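A quick write-up on the structure given underneath.
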Amino acid sequence: MTEPAPLVVVEGEPAGRIATALLNRPERLNALNGELMGELADVLRSLDEDGDVRCIVLGGSERAFAAGADIGEMATASAMDMYAAKRVESWDEIRSVRTPLVAAVSGYCLGGGCELAMSCDLIVASETAVFGQPETGLGILPGAGATQRLTHAVGKALAMDVILSGRLLSAREALDAGLVARVVAREAWLDEAKRVARDVAAKGPVANRLAKEAVDRAYEGALSLGLDYERRVLYLAFASEDAKEGLNAFLEKRPPEFKGR
Ligand code: CAA
């Protein structure tokens, strides 16, 4: 029997100090199901424990970094399922990675995908990248940090627009708004992210880890409270009829009919 393909492919560099982890669920545009998130947390933990790795690149494919949390998986989840889900632990583990993380974003970077990119320390985006938080169109809301991290990155006005209206941001708009660090040519999305990672890896590794912690402290206290609040209101949203309607409408490829309950 052949082994199933890994959901996260890891590439090392013989001479370098960087490692690249690529999400590998192309038939679902790298939608983040529990299994993929668990595998990603394991991969990042083991790279973080590897003293030779000084910077990690996290990417998807050219078509999609990730099109969000897995809607099929969520469509059947109750508020209690969401509360009990292990997936939340995977997000906490990613947040605790001490090695600098560079997100290499090409194509769709939506919902949980955008939240994953924002969980990294900096984002290198292809000129094709599209950022957005379409959750409210599904009758739910972002639950892996966007209400907090997007607001910190781009300010309240634009964060409200993106989250409430479903507005999508091009790579250039995301750059101007402060969401991404660099925009690069379409064909160079991964190479350029690796080049940035090599620059990071050439600096003092202890200093970089400490600097990363210190930059995060710029808003950490408020972030922790906000993340916890966001998680809980997401569970609450799952108790609504609108959430069932929105998630099922996506799977049935039809517009949702929200009733406001
Ligand atoms: N979950 C599950 N499956 C998904 C998915 C997702 N988030 N995104 C895409 N897919 C699936 C599609 O259903 C489709 O499957 P089939 O071939 O079986 O029909 C396949 O991936 C390819 O996608 P499309 O055919 O839709 O590709 P497209 O190029 O026409 O459209 C897209 C691309 C605009 C990204 C569209 O797929 C889309 O709107 N995806 C959903 C985006 C979204 O709403 N994300 C937020 C999810 S909720 C979330 O993330 C919650 C959270 O933070 C807690």
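Letters A, B, ... go to the chains of the structure tokens in the order shown; residues in each chain start at 1; ligands are counted from 1 in the same order.
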Practice item. Determine, counting only C-alpha atoms, which protein, DNA and RNA residues have an atom within 10 Å of an atom of region 11-15 of chain A; residues of the same chain fewer than 3 positions away are not included. Present the result as a PyMOL selection string. Key: chain A and resi 8+18-22+53+56-57
Check your understanding: When the cut-off is 9 Å and you count only C-alpha atoms and all ligand atoms, which residues lie near ligand 1, shown as a PyMOL selection string?
Key -> chain A and resi 26-33+63-64+66-74+107-115+132-138+140-146+231+234+247+250-253
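Pairwise distance (CA of Lys203 (chain A), CA of Ile123 (chain A)) equals 18.5 Å.
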Practice item. Please return as a PyMOL selection string: the residues of region 46-196 of chain A that backbone DSSP assigns to strand (DSSP E or B). Key: chain A and resi 55-59+64-66+69+101-105+108-110+122-126+130-132+169-170+182-184
**Study point:** Residue with smallest distance to Gly51 (chain A) - pool A:Val184, A:Arg98, A:Ala237, A:Ala125, counting only C-alpha atoms
**Key:** A:Arg98
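Across the structure, CA of Ser78 (chain A) and CA of Ala41 (chain A) are spaced 23.8 Å apart.
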